[in-house]
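Enquirer: If it helps, the file is called work.txt and holds compact mmCIF, C-alpha atoms:
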# COMPACT_ATOMS: atom_id res chain seq x y z
CA MET A 4 179.00 67.93 69.14
CA TYR A 5 176.63 67.40 72.05
CA LEU A 6 175.43 71.01 71.93
CA LEU A 7 174.96 70.67 68.19
CA GLN A 8 172.77 67.62 68.75
CA LYS A 9 170.60 69.54 71.23
CA ARG A 10 170.19 72.39 68.73
CA ARG A 11 169.12 69.88 66.13
CA VAL A 12 166.43 68.59 68.48
CA SER A 13 165.03 72.13 68.85
CA ALA A 14 165.30 72.88 65.15
CA THR A 15 163.52 69.73 64.08
CA LYS A 16 160.92 69.56 66.83
CA LYS A 17 158.16 71.03 64.65
CA THR A 18 159.24 69.30 61.47
CA PHE A 19 159.12 65.90 63.14
CA SER A 20 156.29 66.59 65.57
CA HIS A 21 154.66 63.29 64.66
CA LEU A 22 157.61 61.54 66.31
CA ILE A 23 157.60 63.47 69.56
CA CYS A 24 154.68 61.96 71.49
CA TYR A 25 155.20 62.95 75.08
CA LYS A 26 152.86 62.05 77.91
CA LYS A 27 150.14 64.57 78.72
CA ASP A 28 150.83 67.35 81.22
CA VAL A 29 154.57 66.56 81.23
CA ASP A 30 157.49 68.72 80.18
CA PRO A 31 159.34 66.38 77.78
CA MET A 32 162.72 67.96 78.45
CA GLU A 33 162.43 67.74 82.24
CA ASN A 34 165.21 65.58 83.67
CA THR A 35 163.18 64.20 86.56
CA PRO A 36 159.53 64.55 85.54
CA GLU A 37 156.62 63.67 87.80
CA ARG A 38 155.26 60.76 85.81
CA ARG A 39 153.61 57.48 86.70
CA ILE A 40 154.62 54.42 84.73
CA SER A 41 152.76 51.12 84.61
CA GLN A 42 153.26 47.51 83.59
CA HIS A 43 151.09 44.42 83.59
CA ASN A 44 152.22 42.12 86.37
CA ALA A 45 152.98 39.41 83.82
CA LEU A 46 155.58 41.72 82.27
CA ILE A 47 157.06 42.44 85.69
CA ASN A 48 157.55 38.68 86.15
CA ALA A 49 158.73 37.94 82.60
CA ARG A 50 162.24 36.68 81.84
CA PHE A 51 164.53 39.26 80.27
CA SER A 52 167.80 41.01 80.96
CA PHE A 53 168.73 44.54 79.95
CA VAL A 54 172.02 46.40 79.89
CA PRO A 55 171.75 49.86 81.55
CA LEU A 56 171.27 51.79 78.31
CA GLN A 57 168.49 49.46 77.17
CA MET A 58 166.76 49.80 80.53
CA ARG A 59 166.85 53.61 80.29
CA LEU A 60 165.23 53.53 76.87
CA PHE A 61 162.61 51.05 78.10
CA VAL A 62 161.71 53.28 81.07
CA ALA A 63 161.68 56.39 78.86
CA LEU A 64 159.19 54.73 76.51
CA LEU A 65 157.03 53.56 79.44
CA SER A 66 156.79 57.16 80.64
CA ARG A 67 155.36 58.23 77.29
CA ILE A 68 152.42 55.82 77.46
CA ASP A 69 149.11 57.34 78.56
CA PHE A 70 146.37 55.31 80.23
CA ASP A 71 144.04 56.18 77.37
CA ASP A 72 146.37 55.03 74.57
CA VAL A 73 144.96 52.22 72.45
CA ASP A 74 148.06 51.63 70.32
CA PHE A 75 151.78 52.30 70.49
CA LYS A 76 153.16 55.51 69.07
CA GLU A 77 156.56 56.28 67.62
CA HIS A 78 158.59 58.36 70.08
CA LEU A 79 161.77 60.40 70.00
CA VAL A 80 163.86 59.95 73.15
CA PRO A 81 166.57 62.66 73.38
CA LEU A 82 170.09 61.46 74.10
CA ASP A 83 170.26 63.35 77.40
CA GLU A 84 167.60 60.99 78.77
CA LEU A 85 169.80 58.01 77.93
CA ILE A 86 173.41 59.12 78.45
CA PHE A 87 174.30 60.96 81.65
CA ASP A 88 178.07 60.72 81.93
CA ARG A 89 179.72 60.05 78.60
CA ARG A 90 179.84 62.49 75.69
CA GLY A 91 181.33 62.46 72.22
CA GLY A 92 181.46 59.99 69.37
CA SER A 93 181.83 56.87 71.54
CA ALA A 94 178.55 57.66 73.31
CA TYR A 95 176.65 57.90 70.04
CA GLU A 96 178.23 54.67 68.82
CA GLN A 97 177.12 53.02 72.05
CA VAL A 98 173.53 54.19 71.53
CA ASP A 99 173.55 53.03 67.93
CA GLU A 100 174.82 49.59 68.98
CA MET A 101 172.18 49.42 71.70
CA CYS A 102 169.43 50.09 69.16
CA LYS A 103 170.78 47.35 66.92
CA GLY A 104 170.62 44.87 69.80
CA LEU A 105 167.10 45.91 70.81
CA THR A 106 165.64 45.16 67.39
CA SER A 107 166.25 41.44 68.05
CA PHE A 108 165.45 41.54 71.78
CA THR A 109 162.74 39.11 72.96
CA LEU A 110 160.76 38.67 76.17
CA TYR A 111 160.00 35.23 77.57
CA ILE A 112 156.59 35.97 79.01
CA GLU A 113 153.46 34.20 80.13
CA GLU A 114 150.48 34.32 77.80
CA LEU A 115 147.33 36.08 79.02
CA GLU A 116 143.71 35.08 78.69
CA GLU A 117 142.52 36.55 75.41
CA LYS A 118 139.47 38.47 76.66
CA THR A 119 140.26 39.25 80.29
CA ARG A 120 144.05 39.51 80.02
CA LYS A 121 144.32 37.65 83.31
CA ARG A 122 147.25 35.45 84.24
CA GLY A 123 146.59 31.72 84.22
CA ARG A 124 147.16 29.46 87.19
CA LYS A 125 149.36 27.24 85.02
CA PRO A 126 150.67 29.74 82.48
CA ASN A 127 152.11 28.98 79.08
CA TYR A 128 155.18 30.99 78.16
CA THR A 129 156.04 32.43 74.76
CA TYR A 130 158.72 34.58 73.13
CA ILE A 131 157.65 38.06 71.99
CA PRO A 132 159.90 40.67 70.33
CA LEU A 133 160.00 43.80 72.46
CA MET A 134 160.46 46.51 69.84
CA ALA A 135 158.89 47.30 66.52
CA GLU A 136 161.77 49.66 65.80
CA ALA A 137 164.69 51.38 67.53
CA GLY A 138 167.17 53.57 65.71
CA TYR A 139 169.56 56.39 66.51
CA ARG A 140 168.79 59.54 64.50
CA ALA A 141 171.69 61.97 64.46
CA ASP A 142 169.55 64.58 62.66
CA LEU A 143 167.02 64.51 65.52
CA GLY A 144 169.51 64.13 68.36
CA GLY A 145 167.96 61.03 69.85
CA VAL A 146 166.50 57.56 69.44
CA VAL A 147 163.30 56.96 67.50
CA ALA A 148 161.59 53.86 68.86
CA SER A 149 158.24 52.14 69.33
CA PHE A 150 157.08 48.98 71.08
CA ASN A 151 156.00 45.87 69.20
CA PRO A 152 152.16 45.77 68.93
CA LYS A 153 152.25 42.17 70.18
CA ILE A 154 153.02 43.39 73.70
CA THR A 155 149.97 45.68 73.71
CA PRO A 156 148.12 43.59 76.37
CA TYR A 157 151.05 44.06 78.75
CA LEU A 158 151.33 47.86 78.49
CA LEU A 159 148.15 49.47 77.13
CA GLN A 160 144.60 49.85 78.50
CA LEU A 161 145.79 48.29 81.76
CA ARG A 162 142.80 49.39 83.80
CA GLU A 163 140.73 46.99 81.69
CA SER A 164 142.60 44.02 83.18
CA GLY A 165 143.22 45.47 86.63
CA ASN A 166 146.30 43.24 86.97
CA PHE A 167 149.04 45.87 86.85
CA THR A 168 151.44 47.86 88.99
CA MET A 169 152.26 51.57 88.94
CA ALA A 170 155.44 53.35 90.01
CA ASP A 171 156.74 56.90 90.24
CA MET A 172 159.27 57.47 87.48
CA GLN A 173 161.38 59.66 89.75
CA GLU A 174 161.89 56.65 92.02
CA VAL A 175 162.81 54.34 89.13
CA LEU A 176 165.34 56.85 87.79
CA LYS A 177 167.27 56.63 91.07
CA LEU A 178 168.29 53.07 90.15
CA LYS A 179 171.40 52.43 88.05
CA SER A 180 171.49 48.65 87.78
CA PRO A 181 168.95 46.92 85.48
CA GLN A 182 168.69 44.10 88.04
CA SER A 183 167.84 46.65 90.74
CA VAL A 184 165.09 48.06 88.51
CA ARG A 185 163.63 44.57 87.98
CA ILE A 186 163.71 43.77 91.71
CA TYR A 187 162.14 47.17 92.48
CA TRP A 188 159.15 46.28 90.28
CA LEU A 189 158.90 42.78 91.81
CA LEU A 190 158.61 44.36 95.25
CA LYS A 191 156.34 47.16 94.05
CA GLU A 192 153.86 44.56 92.83
CA TYR A 193 153.54 43.35 96.44
CA SER A 194 153.86 46.77 98.10
CA GLY A 195 150.55 46.36 99.89
CA PHE A 196 151.67 43.11 101.53
CA GLY A 197 155.02 44.30 102.83
CA ARG A 198 156.78 41.06 101.97
CA ARG A 199 157.49 38.78 99.05
CA THR A 200 159.21 35.41 99.08
CA ILE A 201 160.89 34.27 95.86
CA SER A 202 162.90 31.14 95.28
CA VAL A 203 166.48 31.73 94.20
CA ASP A 204 165.81 29.82 90.98
CA ASP A 205 162.74 31.94 90.18
CA LEU A 206 164.59 35.18 90.84
CA ARG A 207 167.47 34.12 88.61
CA PHE A 208 164.91 33.14 85.95
CA VAL A 209 163.13 36.51 86.04
CA LEU A 210 166.40 38.46 85.97
CA GLY A 211 167.67 36.42 83.03
CA ILE A 212 170.76 35.23 84.92
CA GLU A 213 172.20 32.11 83.31
CA GLU A 214 173.36 29.06 85.25
CA HIS A 215 177.04 29.80 84.68
CA GLU A 216 176.67 33.35 86.05
CA TYR A 217 177.31 33.74 89.78
CA PRO A 218 177.36 29.96 90.45
CA ARG A 219 178.23 30.62 94.11
CA PHE A 220 175.38 32.18 96.07
CA SER A 221 177.82 34.46 97.87
CA ASN A 222 178.63 36.08 94.52
CA PHE A 223 174.93 36.34 93.61
CA LYS A 224 174.24 37.92 96.99
CA ALA A 225 177.02 40.51 96.65
CA ARG A 226 176.51 41.41 92.99
CA ILE A 227 172.70 41.28 92.80
CA LEU A 228 170.93 41.28 96.20
CA ASP A 229 173.20 43.60 98.17
CA LYS A 230 173.60 45.98 95.24
CA ALA A 231 169.81 46.13 94.76
CA GLN A 232 169.31 46.67 98.50
CA SER A 233 171.72 49.61 98.44
CA GLU A 234 170.14 51.25 95.39
CA ILE A 235 166.49 50.57 96.27
CA GLY A 236 167.21 51.86 99.78
CA GLU A 237 167.17 55.36 98.25
CA THR A 238 163.66 54.88 96.78
CA ASP A 239 160.15 54.76 98.22
CA ILE A 240 160.32 51.02 98.96
CA PRO A 241 163.57 50.16 100.82
CA PHE A 242 163.87 46.54 101.89
CA THR A 243 165.67 44.02 104.03
CA TYR A 244 165.78 40.32 103.27
CA GLU A 245 166.06 36.96 104.97
CA LEU A 246 167.54 33.80 103.48
CA GLU A 247 165.56 30.59 103.81
CA ARG A 248 167.65 27.42 103.55
CA GLU A 249 167.04 23.81 102.73
CA GLY A 250 169.92 22.08 104.41
CA LYS A 251 173.01 24.15 103.59
CA THR A 252 171.57 25.54 100.37
CA VAL A 253 169.81 28.91 100.18
CA ALA A 254 166.47 28.06 98.55
CA ARG A 255 164.37 31.21 98.95
CA ILE A 256 164.73 34.91 99.62
CA LYS A 257 162.16 36.64 101.80
CA PHE A 258 162.01 40.36 101.01
CA LEU A 259 160.60 42.59 103.76
CA PHE A 260 159.63 46.16 102.95
CA GLN A 261 157.22 48.98 103.67
CA GLN A 262 156.34 51.57 101.06
CA LEU A 263 157.19 55.03 102.32
CA ALA A 264 154.43 57.65 102.38
CA ALA A 265 154.73 60.65 100.08
CA SER A 266 156.10 63.84 101.58
CA ALA A 267 153.44 65.93 103.29
CA THR A 268 154.83 69.03 101.59
CA LYS A 269 154.57 67.54 98.10
CA LYS A 270 152.09 69.41 95.93
CA THR A 271 148.92 67.43 95.30
CA LEU A 272 148.75 66.79 91.57
CA PRO A 273 146.40 64.48 89.66
CA ARG A 274 149.22 61.99 89.03
CA ALA A 275 151.22 62.53 92.21
CA ALA A 276 149.16 60.81 94.91
CA GLU A 277 147.90 57.32 95.69
CA TRP A 278 144.28 58.46 95.68
CA ALA A 279 144.66 59.66 92.09
CA ASP A 280 146.12 56.33 91.02
CA ALA A 281 143.23 54.49 92.66
CA LEU A 282 140.68 56.64 90.85
CA ALA A 283 142.49 56.26 87.53
CA GLU A 284 142.53 52.47 87.89
CA ILE A 285 138.77 52.46 88.46
CA GLY A 286 138.24 54.50 85.30
CA VAL A 287 137.82 58.10 86.50
CA SER A 288 139.05 60.42 83.74
CA GLN A 289 142.08 62.66 84.06
CA ARG A 290 139.89 65.77 83.77
CA SER A 291 137.71 64.57 86.64
CA ILE A 292 140.78 63.79 88.75
CA THR A 293 141.99 67.34 88.17
CA THR A 294 138.65 68.69 89.46
CA ILE A 295 138.94 66.51 92.57
CA ALA A 296 142.53 67.69 93.15
CA ASN A 297 141.34 71.31 93.04
CA GLN A 298 138.63 70.56 95.61
CA LEU A 299 141.21 68.94 97.89
CA GLU A 300 143.58 71.87 97.60
CA SER A 301 140.81 74.34 98.38
CA GLY A 302 139.92 72.40 101.54
CA GLU A 303 136.40 71.36 100.52
CA TYR A 304 137.13 67.90 101.99
CA ASP A 305 140.12 65.76 102.94
CA VAL A 306 141.58 62.59 101.43
CA GLY A 307 139.61 60.49 103.92
CA TYR A 308 136.40 61.49 102.13
CA ILE A 309 137.74 59.91 98.93
CA SER A 310 138.36 56.62 100.74
CA PHE A 311 134.87 56.84 102.24
CA VAL A 312 133.26 57.37 98.82
CA LEU A 313 135.23 54.48 97.32
CA ARG A 314 134.01 52.17 100.09
CA ILE A 315 130.36 53.26 99.78
CA VAL A 316 130.30 52.99 95.98
CA GLU A 317 132.06 49.63 96.13
CA GLY A 318 129.29 48.34 98.38
CA GLN A 319 126.60 49.67 96.04
CA PHE A 320 128.35 48.07 93.08
CA ARG A 321 128.55 44.72 94.87
CA LYS A 322 124.81 44.86 95.50
CA GLY A 323 124.07 45.65 91.85
CA LYS A 324 122.70 49.12 92.59
CA ILE A 325 125.08 50.84 90.17
CA LYS A 326 126.66 49.71 86.91
CA LYS A 327 129.35 52.37 86.38
CA PRO A 328 131.30 52.96 89.60
CA ALA A 329 133.65 55.55 88.06
CA GLY A 330 130.77 57.92 87.30
CA ALA A 331 129.17 57.37 90.70
CA ILE A 332 132.47 58.05 92.48
CA TYR A 333 133.09 61.29 90.62
CA LYS A 334 129.55 62.53 91.21
CA ALA A 335 129.78 61.81 94.95
CA LEU A 336 133.09 63.66 95.16
CA ALA A 337 132.25 66.61 92.91
CA GLU A 338 128.78 67.18 94.39
CA LYS A 339 129.84 66.15 97.94
CA TYR A 340 126.45 64.59 98.67
CA LEU A 341 128.05 61.97 100.96
CA LEU A 342 130.14 64.49 102.88
CA GLU A 343 127.76 64.79 105.84
CA ASP A 344 127.65 61.01 106.18
CA TYR A 345 131.46 60.93 106.14
CA ARG A 346 131.71 63.57 108.85
CA ALA A 347 129.16 61.74 110.96
CA GLU A 348 131.04 58.46 110.60
CA THR A 349 134.40 59.94 111.55
CA LYS A 350 133.10 61.30 114.85
CA PRO A 351 134.15 59.22 117.88
CA LYS A 352 131.68 56.40 118.53
CA PRO A 353 131.39 53.56 121.05
CA ILE A 354 132.68 50.13 120.04
CA VAL A 355 130.17 48.21 117.93
CA LYS A 356 130.50 44.42 117.66
CA LYS A 357 128.95 42.34 114.91
CA GLU A 358 129.10 38.65 114.23
CA VAL A 359 130.80 38.99 110.86
CA ILE A 360 132.56 42.37 110.90
CA LYS A 361 133.90 44.07 113.97
CA LEU A 362 134.25 47.85 113.85
CA ILE A 363 136.58 49.35 116.40
CA GLU A 364 136.10 53.10 116.81
CA LYS A 365 139.33 54.19 118.38
CA GLU A 366 140.86 57.14 116.60
CA SER A 367 138.61 56.21 113.63
CA ILE A 368 140.04 52.68 113.25
CA VAL A 369 138.21 50.16 111.04
CA ALA A 370 139.08 46.47 111.39
CA TYR A 371 137.90 43.36 109.52
CA LYS A 372 138.64 39.82 110.58
CA MET A 373 140.71 38.15 107.84
CA SER A 374 138.85 34.85 108.12
CA GLU A 375 135.52 36.61 107.46
CA VAL A 376 136.93 38.50 104.49
CA ARG A 377 138.20 35.19 103.12
CA LYS A 378 134.77 33.63 103.64
CA MET A 379 133.10 36.41 101.65
CA TYR A 380 135.66 35.99 98.85
CA ASP A 381 135.20 32.21 98.68
CA ASN A 382 131.39 32.42 98.86
CA PRO A 383 130.28 35.59 97.00
CA GLY A 384 126.61 36.42 96.93
CA PRO A 385 124.62 36.70 93.71
CA TYR A 386 125.31 40.42 93.35
CA ALA A 387 129.02 40.20 94.07
CA GLN A 388 129.33 37.55 91.38
CA ARG A 389 128.43 40.14 88.74
CA GLN A 390 131.67 42.03 89.12
CA LYS A 391 135.10 40.89 87.97
CA ARG A 392 136.79 39.01 90.79
CA ALA A 393 140.54 38.78 91.32
CA ASP A 394 142.05 35.43 90.40
CA THR A 395 143.47 34.89 93.87
CA PHE A 396 142.55 35.94 97.37
CA GLU A 397 145.90 37.77 97.65
CA GLU A 398 145.07 39.87 94.57
CA HIS A 399 141.58 40.50 96.02
CA LEU A 400 143.16 41.82 99.23
CA GLN A 401 145.49 44.05 97.23
CA GLN A 402 142.79 45.53 94.98
CA ILE A 403 139.99 45.98 97.53
CA TYR A 404 141.65 46.53 100.90
CA LEU A 405 145.40 47.12 100.86
CA LYS A 406 145.23 49.79 98.15
CA ASP A 407 142.60 51.55 100.27
CA GLY A 408 144.98 51.89 103.21
CA PHE A 409 144.32 48.69 105.17
CA ASN A 410 147.23 46.85 106.82
CA VAL A 411 147.46 43.28 108.04
CA GLU A 412 147.82 42.96 111.85
CA ASN A 413 148.01 39.98 114.18
CA ARG A 414 145.65 40.20 117.15
CA GLU A 415 145.77 37.41 119.68
CA GLY A 416 146.95 34.91 117.11
CA GLU A 417 144.43 35.94 114.42
CA GLU A 418 144.97 38.14 111.34
CA TRP A 419 142.92 41.33 110.91
CA LEU A 420 142.71 43.98 108.19
CA VAL A 421 143.05 47.34 109.96
CA LYS A 422 142.78 50.90 108.67
CA SER A 423 143.23 54.20 110.45
CA SER A 424 141.34 57.11 108.89
When written as structure tokens, how does the structure in this file appear?
Expert:
Amino acid sequence: MYLLQKRRVSATKKTFSHLICYKKDVDPMENTPERRISQHNALINARFSFVPLQMRLFVALLSRIDFDDVDFKEHLVPLDELIFDRRGGSAYEQVDEMCKGLTSFTLYIEELEEKTRKRGRKPNYTYIPLMAEAGYRADLGGVVASFNPKITPYLLQLRESGNFTMADMQEVLKLKSPQSVRIYWLLKEYSGFGRRTISVDDLRFVLGIEEHEYPRFSNFKARILDKAQSEIGETDIPFTYELEREGKTVARIKFLFQQLAASATKKTLPRAAEWADALAEIGVSQRSITTIANQLESGEYDVGYISFVLRIVEGQFRKGKIKKPAGAIYKALAEKYLLEDYRAETKPKPIVKKEVIKLIEKESIVAYKMSEVRKMYDNPGPYAQRQKRADTFEEHLQQIYLKDGFNVENREGEEWLVKSS
């Protein structure tokens, strides 16, 4: 029966082409495709709880969203993306029952500001149905589903809000438990910081764990935390954790992690490297990113030049000299007119000290004093005020510095932002 279902998918692929909306440049039948999936951070922190089959469908639909999409499309998700072990009639009944449950599934999620889609300091929460439709189609050999348009701000046009997190789908597919997937995203949101502290109550809230479930923390630790640690340990963001107590009660969990670098042998593709994600978030088109990838592969410049261009253009944008940073970044990369400046800067130089920013030229190391960065954030000049600022200083660090390769270091009792080129 399973083979018959697969034949039906092939036979009906053209007839129902309007249902099969796969992400660009992706083989839709690939079991472990190289895709990047994204969510607004408010969705990452929303309250909901999936069963494994629901989580697989959710991730499959995320992978079919393109950054340029302005509305949700109807998608066909083949059964072999949802069911890995079980075959036969019971499996199809399970999928059909899952679809029935999803049609009434709701998220408890914080409302966003209408124009900016930013998260409020004191958010209001609301219930939003997740799906517009979800149904098993035996004639197509899969599930036809689409998201509810009311969750558009949390999944579409995310670069407009800037408050979102991206992940490699291959890493997410390594996780079996829905709770592990949720915790993975919670850590991924803070990947640039290397740590995240969450109260036990807040974590239970986000994971949708009711009060009567795992009433003893030892059970919660074994069934949720330790299981997530084991599964996420096989991904790009393995973690350890510390328990913070108030008296004898565990009050908070401090997650400690460091995102692993991509393999040096991995082929550089427009959607397979951090630099590409950074450019996409700024607004550089996929076609332009492909051109840049070709220049990198041909050795016209290295990845450090991209970071250099981003820093220079950011400074020009802050001063009001340019209005469209995406276009300026692409032009500087494609035409390489800043390449000589980059090569000159990366040559060894003596230490230069300034009152506000201290540059340390040791193996091309750049360091900024955290207190001075904070001062510039709290007191922006007239030009810096023109651009959209992050709601919090932590988000500012993530967007401007940590995503660009800076790390936080403690030097003689004072925090510094440090980057090695």
Enquirer: Taking only C-alpha atoms into account, name the residue in A:Phe75, A:Phe396, A:Phe61, A:Phe311 that is nearest to Leu159 in chain A.
Expert: A:Phe75
Enquirer: Take CA of Glu397 in chain A and CA of Val209 in chain A and report the distance between them in Å, one decimal.
Expert: 20.8 Å
Enquirer: When distances are computed from all atoms listed in the file, which of A:Lys230, A:His399, A:Lys339, A:Arg39 shows the smallest separation from Arg377 in chain A?
Expert: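 Nearest to Arg377 in chain A: A:His399.
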Enquirer: Give the answer as one residue: which of A:Gln402, A:Ser202, A:Ser183, A:Ser288 has the shortest atom-to-atom distance to Glu249 in chain A, using only C-alpha atoms?
Expert: A:Ser202
Enquirer: Kindly give the distance, in Å, that separates CA of Gln232 in chain A and CA of Leu405 in chain A, rounded to a single decimal.
Expert: 24.0 Å
Enquirer: Have a look at A:Glu412, A:Glu398, A:Glu114, A:Glu343 and name the one nearest to Tyr193 in chain A; count all atoms listed in the file.
Expert: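 The answer is A:Glu398, which sits nearest to Tyr193 in chain A.
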